[in-house]
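To start, the structure itself, in C-alpha cells.
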Amino acid sequence: MTYTSELIKKGEKEKIWAKYCGYLDLSMEEYMQIQERLLIEQFAALKDCNLGKHYFGGRPPKTVEEFRKKVPLTVYADYVEFLKDKKEDDLPKANYRWARTSGKSGRYTCKWVPLTDGMYEKIGEAFLTGMILCSSSEKGDVQVETDDYFLLAMAPLPYISAYMCLAISDLIDVKFIPSLAEGEEMEFGERLAAGFSKGMETGIDYFTGLASILVKMGELIESGKSGGKISLKMLKPSILGRYIKASVKAKLQKRNVLPKDLWNLKGIGAGGMDTDIYKDKVEHYWGKMPLEIVGTTEGGLLCMQAWNYKGMTFLPDINFYEFIPLDEHQKAKEDPSYAPKTLLMDELSPGVYEIVMTNFHGGVLLRYRIGDFFEVIATEDAEIGCKLPQFRFFSRCDDYLDLRNMVRFTEKTVWYALEESGIQYVDWAVRKEAVDGKTILNLYLELEEAEKPSLTTLKKKIKKALTKVNPEFGDLEEIMGDDYLSITKLPSGAFKNYIQSQRDAGADIAHIKPPHMQPKDQQLEKLMKVG
C-alpha cells in the first residue's frame, strides 16, 4: 500500500489536503520562492547536456533574471532536432517516458515530449489534487477513498492522459474501469462502453475527460440508446437494483432515466475549451458540476478550479511561468524579430496573456510558448482565501482552431485539405461555430463557376481530405459519432466584392482580404452579401 493510500485509510484528511491542495494557501511570496528554487535546480539539471549548452552557452544562468535575459522564447520547432525520433543523446541523463501530441502539417507529424521520473510523479500528484478538489465542497474536504471507481475515458499511451492514469495508480489504489491493462487493448469507444457497463455493477465515483463526452453519453442514456435500458446478460442483482432505483426516481419526476439516476458521482474533472460551454448540461445529466482543469502534453497539469468552480489557480511546482501581455504578443506577431516582454506571476493584473513555461524536474522545455491565452480574472479569490491570481482559459493563439480539444487546425492544414480534395475554388474562410449547443467547423467556400457539386458531394470530398491531412479529425467523428463539419457556399464574386468594398472604404492593405481563420460576423455578412 502506498503512503497516500495509508493516509486515506487512516482518515488523515488534514495531511492529505495540506500535501495536495496546500498550494491554495500560499502567499504570493511563498509561491514565487517555490518557482525560483525549482527553476535554479533546472539550471544544474541541464547544464552538462547538449540541449542545455545550446541555450546556456558556456555558463548556465544563476538567477531568474539572468535566465530570462539569456534564454530566448522558444517553440517546438526549436527542439525538433533534439527530440525527433525520441533520441536522448542530447538530453540530461534520466529515465524518460515519451508522450506525444499533434504536430504541425508539413513540418513534423507529431510532437514528442520526454517526461522524467520527477515529472511523471508530479503528474500523478496533480491528478490527485484534481480528484480531491472536484469532489470537495469546502476547504479540507477530502472525499477520495481507496475503493473509488474511476471511469477510464482517457486516450491510450503514448498520450499524456494515459500517463496521468498510470501515475495516479502508482500513488493511490484507485480502481479504473475497465482496468488500465484492459483499456490499452480497446478502441476509445469500446473502452468507454466497457467502463459504463462495468460501472452498472460497481458504481462510478470519478470521471476525468471531455465535458462533451459526458453530454453525449447523457443524451444517449436519456434517449434509451445506451445505458438507459438493461439487457438480459446484465441481470445481476447489483445491476438490477441500480436500474430499478433509477427507473423509479425518473418515473416519479416524469422524465426518462438520466445518468445521475444510475450513478452518484463524487467528482468530475473536465479539460478542454468546451468545459464552460457544457457545464450546465453536464450537471443536468450527471448531477455534478465539472471542475475545469487545464493540462498540456508539454507541461502536464497546469491549473484548475477550486471547490467554488470559479477561477483556476496555477500549481507552483510543475513549471516556471511567465506571461506575455496581449499587446506584447501582438507586437511580436506583427514583427517576428521583436522579443516580447514577459511578466512573472507576482506582476500580473487583470487582462489577457500568452503563457510561457519552463519545465521543472529535469524537463527540457525552456521559456516555451505553448500557444495559449489565459485571462487573469482576479488577483486573488477571497471566497476561498487564495492570495494567488485567478485565471480562465481564453483561447488558442495565432491561427489555431481547436475542436473539442482533440483536433487542431491551422490555416495551412485547411489549405492542404482543400487542395487534396481537388475542388476548384476561389477562396475560403473557416471558423468554429456553436450549432444546437455543439461546436463545429464551418467552412465558407466560394467555388469556381465551373465547379457545381452538390453540397453532399462537396462535404464528402472535403471531409475525406481533412481526415487525410489531419487524422485526428476522423478520430473525433469516430469517437463522438457525430458530424463536426458544415459547408456554407458563398455567392459567386464574394471575395472580389469584399476586396473592392474594403478598397472603396480606404482600408489598409493588411485588411483588404478577410482572414481565412475565424472571420468576424461582419466580415462573413459582407462575404455572403449578394451584389
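Ligands are numbered from 1 in the order shown, chains are lettered A, B, ... in the order of the C-alpha cells, and residues start at 1 in each chain.
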
Run DSSP on the backbone and tell me which residues of segment 283-412 of chain A come out as strand (DSSP E or B); list them as a PDB file with N, CA, C and O atoms, in the first residue's frame.
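Final output, saved to part_25.pdb:
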```
ATOM      1  N   LEU A 291     -15.357  20.216 -12.769  1.00  0.00           N
ATOM      2  CA  LEU A 291     -14.278  21.102 -12.344  1.00  0.00           C
ATOM      3  C   LEU A 291     -13.333  21.292 -13.516  1.00  0.00           C
ATOM      4  O   LEU A 291     -12.821  20.323 -14.086  1.00  0.00           O
ATOM      5  N   GLU A 292     -13.084  22.544 -13.911  1.00  0.00           N
ATOM      6  CA  GLU A 292     -12.233  22.799 -15.075  1.00  0.00           C
ATOM      7  C   GLU A 292     -10.760  22.632 -14.721  1.00  0.00           C
ATOM      8  O   GLU A 292     -10.265  23.207 -13.754  1.00  0.00           O
ATOM      9  N   ILE A 293     -10.074  21.834 -15.544  1.00  0.00           N
ATOM     10  CA  ILE A 293      -8.655  21.546 -15.366  1.00  0.00           C
ATOM     11  C   ILE A 293      -7.971  21.750 -16.711  1.00  0.00           C
ATOM     12  O   ILE A 293      -8.477  21.294 -17.737  1.00  0.00           O
ATOM     13  N   VAL A 294      -6.835  22.428 -16.728  1.00  0.00           N
ATOM     14  CA  VAL A 294      -6.090  22.626 -17.967  1.00  0.00           C
ATOM     15  C   VAL A 294      -4.767  21.883 -17.888  1.00  0.00           C
ATOM     16  O   VAL A 294      -4.003  22.041 -16.933  1.00  0.00           O
ATOM     17  N   GLY A 295      -4.524  21.064 -18.890  1.00  0.00           N
ATOM     18  CA  GLY A 295      -3.267  20.335 -18.965  1.00  0.00           C
ATOM     19  C   GLY A 295      -2.754  20.326 -20.388  1.00  0.00           C
ATOM     20  O   GLY A 295      -3.522  20.531 -21.343  1.00  0.00           O
ATOM     21  N   THR A 296      -1.476  20.097 -20.552  1.00  0.00           N
ATOM     22  CA  THR A 296      -0.862  20.011 -21.866  1.00  0.00           C
ATOM     23  C   THR A 296       0.157  18.882 -21.867  1.00  0.00           C
ATOM     24  O   THR A 296       0.672  18.500 -20.814  1.00  0.00           O
ATOM     25  N   GLY A 300       2.222  19.019 -18.557  1.00  0.00           N
ATOM     26  CA  GLY A 300       1.413  18.314 -17.565  1.00  0.00           C
ATOM     27  C   GLY A 300       0.190  19.121 -17.171  1.00  0.00           C
ATOM     28  O   GLY A 300      -0.307  19.947 -17.933  1.00  0.00           O
ATOM     29  N   LEU A 301      -0.307  18.897 -15.960  1.00  0.00           N
ATOM     30  CA  LEU A 301      -1.461  19.644 -15.461  1.00  0.00           C
ATOM     31  C   LEU A 301      -0.989  21.009 -14.967  1.00  0.00           C
ATOM     32  O   LEU A 301      -0.127  21.092 -14.092  1.00  0.00           O
ATOM     33  N   LEU A 302      -1.553  22.061 -15.519  1.00  0.00           N
ATOM     34  CA  LEU A 302      -1.088  23.420 -15.230  1.00  0.00           C
ATOM     35  C   LEU A 302      -1.892  24.087 -14.118  1.00  0.00           C
ATOM     36  O   LEU A 302      -1.321  24.653 -13.188  1.00  0.00           O
ATOM     37  N   CYS A 303      -3.207  24.061 -14.247  1.00  0.00           N
ATOM     38  CA  CYS A 303      -4.048  24.808 -13.313  1.00  0.00           C
ATOM     39  C   CYS A 303      -5.424  24.187 -13.238  1.00  0.00           C
ATOM     40  O   CYS A 303      -5.818  23.400 -14.106  1.00  0.00           O
ATOM     41  N   MET A 304      -6.162  24.541 -12.211  1.00  0.00           N
ATOM     42  CA  MET A 304      -7.515  24.007 -12.040  1.00  0.00           C
ATOM     43  C   MET A 304      -8.325  24.894 -11.103  1.00  0.00           C
ATOM     44  O   MET A 304      -7.773  25.710 -10.355  1.00  0.00           O
ATOM     45  N   GLN A 305      -9.633  24.733 -11.183  1.00  0.00           N
ATOM     46  CA  GLN A 305     -10.529  25.453 -10.294  1.00  0.00           C
ATOM     47  C   GLN A 305     -10.468  24.852  -8.893  1.00  0.00           C
ATOM     48  O   GLN A 305      -9.994  23.727  -8.705  1.00  0.00           O
ATOM     49  N   MET A 312      -9.246  29.551 -12.022  1.00  0.00           N
ATOM     50  CA  MET A 312      -8.258  28.484 -11.877  1.00  0.00           C
ATOM     51  C   MET A 312      -6.970  29.050 -11.283  1.00  0.00           C
ATOM     52  O   MET A 312      -6.610  30.199 -11.533  1.00  0.00           O
ATOM     53  N   THR A 313      -6.273  28.232 -10.507  1.00  0.00           N
ATOM     54  CA  THR A 313      -5.004  28.612  -9.889  1.00  0.00           C
ATOM     55  C   THR A 313      -3.906  27.706 -10.439  1.00  0.00           C
ATOM     56  O   THR A 313      -4.073  26.489 -10.498  1.00  0.00           O
ATOM     57  N   PHE A 314      -2.790  28.304 -10.831  1.00  0.00           N
ATOM     58  CA  PHE A 314      -1.660  27.532 -11.356  1.00  0.00           C
ATOM     59  C   PHE A 314      -0.898  26.857 -10.224  1.00  0.00           C
ATOM     60  O   PHE A 314      -0.591  27.490  -9.208  1.00  0.00           O
ATOM     61  N   ASN A 319       5.803  23.745 -13.421  1.00  0.00           N
ATOM     62  CA  ASN A 319       6.576  24.530 -14.389  1.00  0.00           C
ATOM     63  C   ASN A 319       6.828  25.923 -13.831  1.00  0.00           C
ATOM     64  O   ASN A 319       6.121  26.388 -12.939  1.00  0.00           O
ATOM     65  N   PHE A 320       7.817  26.594 -14.388  1.00  0.00           N
ATOM     66  CA  PHE A 320       8.056  28.006 -14.118  1.00  0.00           C
ATOM     67  C   PHE A 320       7.258  28.792 -15.143  1.00  0.00           C
ATOM     68  O   PHE A 320       7.308  28.497 -16.347  1.00  0.00           O
ATOM     69  N   TYR A 321       6.520  29.801 -14.677  1.00  0.00           N
ATOM     70  CA  TYR A 321       5.614  30.509 -15.566  1.00  0.00           C
ATOM     71  C   TYR A 321       6.011  31.957 -15.801  1.00  0.00           C
ATOM     72  O   TYR A 321       6.404  32.669 -14.884  1.00  0.00           O
ATOM     73  N   GLU A 322       5.887  32.349 -17.071  1.00  0.00           N
ATOM     74  CA  GLU A 322       5.986  33.747 -17.482  1.00  0.00           C
ATOM     75  C   GLU A 322       4.757  34.040 -18.338  1.00  0.00           C
ATOM     76  O   GLU A 322       4.129  33.128 -18.877  1.00  0.00           O
ATOM     77  N   PHE A 323       4.437  35.324 -18.478  1.00  0.00           N
ATOM     78  CA  PHE A 323       3.224  35.703 -19.186  1.00  0.00           C
ATOM     79  C   PHE A 323       3.508  36.879 -20.118  1.00  0.00           C
ATOM     80  O   PHE A 323       4.063  37.889 -19.696  1.00  0.00           O
ATOM     81  N   ILE A 324       3.131  36.710 -21.379  1.00  0.00           N
ATOM     82  CA  ILE A 324       3.292  37.776 -22.373  1.00  0.00           C
ATOM     83  C   ILE A 324       1.987  38.565 -22.453  1.00  0.00           C
ATOM     84  O   ILE A 324       0.945  38.002 -22.827  1.00  0.00           O
ATOM     85  N   PRO A 325       1.992  39.844 -22.097  1.00  0.00           N
ATOM     86  CA  PRO A 325       0.762  40.641 -22.220  1.00  0.00           C
ATOM     87  C   PRO A 325       0.268  40.647 -23.656  1.00  0.00           C
ATOM     88  O   PRO A 325       1.047  40.530 -24.608  1.00  0.00           O
ATOM     89  N   LEU A 343       5.996  38.907 -18.021  1.00  0.00           N
ATOM     90  CA  LEU A 343       5.782  39.217 -16.613  1.00  0.00           C
ATOM     91  C   LEU A 343       5.772  37.910 -15.820  1.00  0.00           C
ATOM     92  O   LEU A 343       5.455  36.839 -16.365  1.00  0.00           O
ATOM     93  N   GLY A 351      -6.300  40.877 -17.129  1.00  0.00           N
ATOM     94  CA  GLY A 351      -6.030  41.042 -18.550  1.00  0.00           C
ATOM     95  C   GLY A 351      -5.731  39.709 -19.199  1.00  0.00           C
ATOM     96  O   GLY A 351      -5.730  38.666 -18.546  1.00  0.00           O
ATOM     97  N   VAL A 352      -5.465  39.745 -20.504  1.00  0.00           N
ATOM     98  CA  VAL A 352      -5.202  38.537 -21.285  1.00  0.00           C
ATOM     99  C   VAL A 352      -3.707  38.403 -21.540  1.00  0.00           C
ATOM    100  O   VAL A 352      -3.043  39.372 -21.909  1.00  0.00           O
ATOM    101  N   TYR A 353      -3.195  37.184 -21.359  1.00  0.00           N
ATOM    102  CA  TYR A 353      -1.769  36.920 -21.506  1.00  0.00           C
ATOM    103  C   TYR A 353      -1.529  35.612 -22.253  1.00  0.00           C
ATOM    104  O   TYR A 353      -2.285  34.650 -22.102  1.00  0.00           O
ATOM    105  N   GLU A 354      -0.459  35.600 -23.036  1.00  0.00           N
ATOM    106  CA  GLU A 354       0.027  34.341 -23.596  1.00  0.00           C
ATOM    107  C   GLU A 354       0.942  33.704 -22.562  1.00  0.00           C
ATOM    108  O   GLU A 354       1.799  34.375 -21.980  1.00  0.00           O
ATOM    109  N   ILE A 355       0.766  32.415 -22.333  1.00  0.00           N
ATOM    110  CA  ILE A 355       1.551  31.746 -21.300  1.00  0.00           C
ATOM    111  C   ILE A 355       2.863  31.216 -21.860  1.00  0.00           C
ATOM    112  O   ILE A 355       2.930  30.749 -23.002  1.00  0.00           O
ATOM    113  N   VAL A 356       3.911  31.319 -21.058  1.00  0.00           N
ATOM    114  CA  VAL A 356       5.242  30.796 -21.379  1.00  0.00           C
ATOM    115  C   VAL A 356       5.669  29.936 -20.202  1.00  0.00           C
ATOM    116  O   VAL A 356       5.504  30.337 -19.045  1.00  0.00           O
ATOM    117  N   MET A 357       6.205  28.759 -20.465  1.00  0.00           N
ATOM    118  CA  MET A 357       6.552  27.888 -19.344  1.00  0.00           C
ATOM    119  C   MET A 357       7.926  27.255 -19.525  1.00  0.00           C
ATOM    120  O   MET A 357       8.403  27.056 -20.648  1.00  0.00           O
ATOM    121  N   THR A 358       8.552  26.933 -18.399  1.00  0.00           N
ATOM    122  CA  THR A 358       9.804  26.193 -18.353  1.00  0.00           C
ATOM    123  C   THR A 358       9.590  24.979 -17.452  1.00  0.00           C
ATOM    124  O   THR A 358       9.171  25.124 -16.307  1.00  0.00           O
ATOM    125  N   ASN A 359       9.845  23.795 -17.996  1.00  0.00           N
ATOM    126  CA  ASN A 359       9.636  22.572 -17.217  1.00  0.00           C
ATOM    127  C   ASN A 359      10.514  22.529 -15.977  1.00  0.00           C
ATOM    128  O   ASN A 359      11.663  22.985 -15.991  1.00  0.00           O
ATOM    129  N   TYR A 368       9.043  28.170 -23.024  1.00  0.00           N
ATOM    130  CA  TYR A 368       8.310  27.544 -24.128  1.00  0.00           C
ATOM    131  C   TYR A 368       6.921  28.155 -24.302  1.00  0.00           C
ATOM    132  O   TYR A 368       6.150  28.253 -23.349  1.00  0.00           O
ATOM    133  N   ARG A 369       6.609  28.537 -25.514  1.00  0.00           N
ATOM    134  CA  ARG A 369       5.313  29.124 -25.842  1.00  0.00           C
ATOM    135  C   ARG A 369       4.388  28.001 -26.314  1.00  0.00           C
ATOM    136  O   ARG A 369       4.564  27.482 -27.420  1.00  0.00           O
ATOM    137  N   ILE A 370       3.427  27.631 -25.499  1.00  0.00           N
ATOM    138  CA  ILE A 370       2.537  26.529 -25.862  1.00  0.00           C
ATOM    139  C   ILE A 370       1.410  26.993 -26.778  1.00  0.00           C
ATOM    140  O   ILE A 370       0.674  26.187 -27.317  1.00  0.00           O
ATOM    141  N   GLY A 371       1.275  28.320 -26.942  1.00  0.00           N
ATOM    142  CA  GLY A 371       0.274  28.834 -27.871  1.00  0.00           C
ATOM    143  C   GLY A 371      -1.097  29.038 -27.276  1.00  0.00           C
ATOM    144  O   GLY A 371      -2.101  28.979 -27.987  1.00  0.00           O
ATOM    145  N   ASP A 372      -1.167  29.308 -25.981  1.00  0.00           N
ATOM    146  CA  ASP A 372      -2.454  29.509 -25.312  1.00  0.00           C
ATOM    147  C   ASP A 372      -2.535  30.875 -24.656  1.00  0.00           C
ATOM    148  O   ASP A 372      -1.547  31.361 -24.096  1.00  0.00           O
ATOM    149  N   PHE A 373      -3.703  31.464 -24.732  1.00  0.00           N
ATOM    150  CA  PHE A 373      -4.003  32.676 -23.985  1.00  0.00           C
ATOM    151  C   PHE A 373      -4.785  32.320 -22.725  1.00  0.00           C
ATOM    152  O   PHE A 373      -5.718  31.509 -22.767  1.00  0.00           O
ATOM    153  N   PHE A 374      -4.399  32.937 -21.617  1.00  0.00           N
ATOM    154  CA  PHE A 374      -5.175  32.848 -20.381  1.00  0.00           C
ATOM    155  C   PHE A 374      -5.549  34.265 -19.963  1.00  0.00           C
ATOM    156  O   PHE A 374      -4.811  35.215 -20.223  1.00  0.00           O
ATOM    157  N   GLU A 375      -6.679  34.382 -19.313  1.00  0.00           N
ATOM    158  CA  GLU A 375      -7.112  35.682 -18.808  1.00  0.00           C
ATOM    159  C   GLU A 375      -7.064  35.689 -17.292  1.00  0.00           C
ATOM    160  O   GLU A 375      -7.596  34.782 -16.644  1.00  0.00           O
ATOM    161  N   VAL A 376      -6.407  36.693 -16.739  1.00  0.00           N
ATOM    162  CA  VAL A 376      -6.436  36.897 -15.293  1.00  0.00           C
ATOM    163  C   VAL A 376      -7.746  37.600 -14.972  1.00  0.00           C
ATOM    164  O   VAL A 376      -7.979  38.730 -15.399  1.00  0.00           O
ATOM    165  N   ILE A 377      -8.619  36.911 -14.246  1.00  0.00           N
ATOM    166  CA  ILE A 377      -9.925  37.498 -13.943  1.00  0.00           C
ATOM    167  C   ILE A 377      -9.942  38.150 -12.563  1.00  0.00           C
ATOM    168  O   ILE A 377     -10.850  38.922 -12.259  1.00  0.00           O
ATOM    169  N   ALA A 378      -8.940  37.843 -11.744  1.00  0.00           N
ATOM    170  CA  ALA A 378      -8.830  38.460 -10.417  1.00  0.00           C
ATOM    171  C   ALA A 378      -7.429  38.176  -9.885  1.00  0.00           C
ATOM    172  O   ALA A 378      -6.791  37.189 -10.266  1.00  0.00           O
ATOM    173  N   ASP A 381      -8.706  35.200  -4.747  1.00  0.00           N
ATOM    174  CA  ASP A 381     -10.085  34.740  -4.556  1.00  0.00           C
ATOM    175  C   ASP A 381     -10.377  34.754  -3.052  1.00  0.00           C
ATOM    176  O   ASP A 381     -10.041  33.820  -2.324  1.00  0.00           O
ATOM    177  N   CYS A 386      -7.687  32.363  -1.215  1.00  0.00           N
ATOM    178  CA  CYS A 386      -6.489  32.194  -2.048  1.00  0.00           C
ATOM    179  C   CYS A 386      -5.935  33.559  -2.429  1.00  0.00           C
ATOM    180  O   CYS A 386      -6.655  34.416  -2.948  1.00  0.00           O
ATOM    181  N   GLN A 390      -6.174  34.496 -10.235  1.00  0.00           N
ATOM    182  CA  GLN A 390      -7.195  33.567 -10.703  1.00  0.00           C
ATOM    183  C   GLN A 390      -7.348  33.706 -12.223  1.00  0.00           C
ATOM    184  O   GLN A 390      -7.465  34.806 -12.754  1.00  0.00           O
ATOM    185  N   PHE A 391      -7.361  32.551 -12.915  1.00  0.00           N
ATOM    186  CA  PHE A 391      -7.341  32.543 -14.367  1.00  0.00           C
ATOM    187  C   PHE A 391      -8.556  31.843 -14.948  1.00  0.00           C
ATOM    188  O   PHE A 391      -9.195  31.025 -14.307  1.00  0.00           O
ATOM    189  N   ARG A 392      -8.802  32.153 -16.217  1.00  0.00           N
ATOM    190  CA  ARG A 392      -9.678  31.336 -17.041  1.00  0.00           C
ATOM    191  C   ARG A 392      -8.985  31.156 -18.387  1.00  0.00           C
ATOM    192  O   ARG A 392      -8.232  32.030 -18.833  1.00  0.00           O
ATOM    193  N   PHE A 393      -9.229  29.996 -19.018  1.00  0.00           N
ATOM    194  CA  PHE A 393      -8.667  29.780 -20.342  1.00  0.00           C
ATOM    195  C   PHE A 393      -9.362  30.714 -21.321  1.00  0.00           C
ATOM    196  O   PHE A 393     -10.586  30.802 -21.345  1.00  0.00           O
ATOM    197  N   PHE A 394      -8.582  31.419 -22.137  1.00  0.00           N
ATOM    198  CA  PHE A 394      -9.148  32.417 -23.042  1.00  0.00           C
ATOM    199  C   PHE A 394      -9.291  31.884 -24.462  1.00  0.00           C
ATOM    200  O   PHE A 394     -10.381  31.857 -25.019  1.00  0.00           O
ATOM    201  N   SER A 395      -8.186  31.442 -25.060  1.00  0.00           N
ATOM    202  CA  SER A 395      -8.247  30.890 -26.415  1.00  0.00           C
ATOM    203  C   SER A 395      -6.875  30.389 -26.829  1.00  0.00           C
ATOM    204  O   SER A 395      -5.878  30.646 -26.152  1.00  0.00           O
ATOM    205  N   ARG A 396      -6.846  29.694 -27.958  1.00  0.00           N
ATOM    206  CA  ARG A 396      -5.573  29.374 -28.592  1.00  0.00           C
ATOM    207  C   ARG A 396      -5.043  30.627 -29.280  1.00  0.00           C
ATOM    208  O   ARG A 396      -5.810  31.530 -29.655  1.00  0.00           O
ATOM    209  N   LEU A 401      -7.317  26.551 -34.806  1.00  0.00           N
ATOM    210  CA  LEU A 401      -8.706  26.287 -34.468  1.00  0.00           C
ATOM    211  C   LEU A 401      -8.712  24.974 -33.707  1.00  0.00           C
ATOM    212  O   LEU A 401      -8.305  23.938 -34.235  1.00  0.00           O
ATOM    213  N   ASP A 402      -9.145  25.007 -32.475  1.00  0.00           N
ATOM    214  CA  ASP A 402      -9.110  23.845 -31.605  1.00  0.00           C
ATOM    215  C   ASP A 402     -10.522  23.297 -31.467  1.00  0.00           C
ATOM    216  O   ASP A 402     -11.395  23.964 -30.936  1.00  0.00           O
ATOM    217  N   LEU A 403     -10.757  22.086 -31.984  1.00  0.00           N
ATOM    218  CA  LEU A 403     -12.083  21.499 -31.984  1.00  0.00           C
ATOM    219  C   LEU A 403     -12.176  20.418 -30.918  1.00  0.00           C
ATOM    220  O   LEU A 403     -11.477  19.410 -30.980  1.00  0.00           O
ATOM    221  N   VAL A 407      -8.734  18.138 -31.811  1.00  0.00           N
ATOM    222  CA  VAL A 407      -8.237  18.381 -33.161  1.00  0.00           C
ATOM    223  C   VAL A 407      -7.855  19.854 -33.307  1.00  0.00           C
ATOM    224  O   VAL A 407      -8.634  20.724 -32.937  1.00  0.00           O
ATOM    225  N   ARG A 408      -6.684  20.088 -33.823  1.00  0.00           N
ATOM    226  CA  ARG A 408      -6.236  21.458 -34.050  1.00  0.00           C
ATOM    227  C   ARG A 408      -6.000  21.671 -35.546  1.00  0.00           C
ATOM    228  O   ARG A 408      -5.285  20.904 -36.181  1.00  0.00           O
ATOM    229  N   PHE A 409      -6.624  22.687 -36.073  1.00  0.00           N
ATOM    230  CA  PHE A 409      -6.451  23.049 -37.474  1.00  0.00           C
ATOM    231  C   PHE A 409      -5.663  24.343 -37.576  1.00  0.00           C
ATOM    232  O   PHE A 409      -5.896  25.276 -36.809  1.00  0.00           O
TER     233      PHE A 409
END
```

Select from segment 122-240 of chain A every residue with an atom at most 12 Å from any atom of segment 428-439 of chain A, then for each give the shortest pair of atoms and their distance in Å to one decimal, using only C-alpha atoms, rows by chain and rising number, as a Markdown table.
```
| residue | atom | partner | partner_atom | distance |
| --- | --- | --- | --- | --- |
| A:Ala211 | CA | A:Lys438 | CA | 11.4 |
| A:Ser212 | CA | A:Lys438 | CA | 8.4 |
| A:Ile213 | CA | A:Lys438 | CA | 11.4 |
| A:Val215 | CA | A:Lys438 | CA | 10.1 |
| A:Lys216 | CA | A:Lys438 | CA | 10.2 |
```

Which polymer residues have any atom within 9 Å of an atom of Phe176 of chain A, counting only C-alpha atoms, with same-chain residues fewer than 6 positions away left out, as a PyMOL selection string? chain A and resi 148-152+165+169+195

Report as a PyMOL selection string: the residues of segment 209-446 of chain A with a DSSP assignment of helix (DSSP H, G or I), based on the backbone of this structure. chain A and resi 211-223+232-234+237-252+259-262+275-286+326-334+345-347+411-421

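For the atom pair formed by atom CA of Tyr55 of chain A and atom CA of Leu348 of chain A, the distance is 26.8 Å, given to one decimal.
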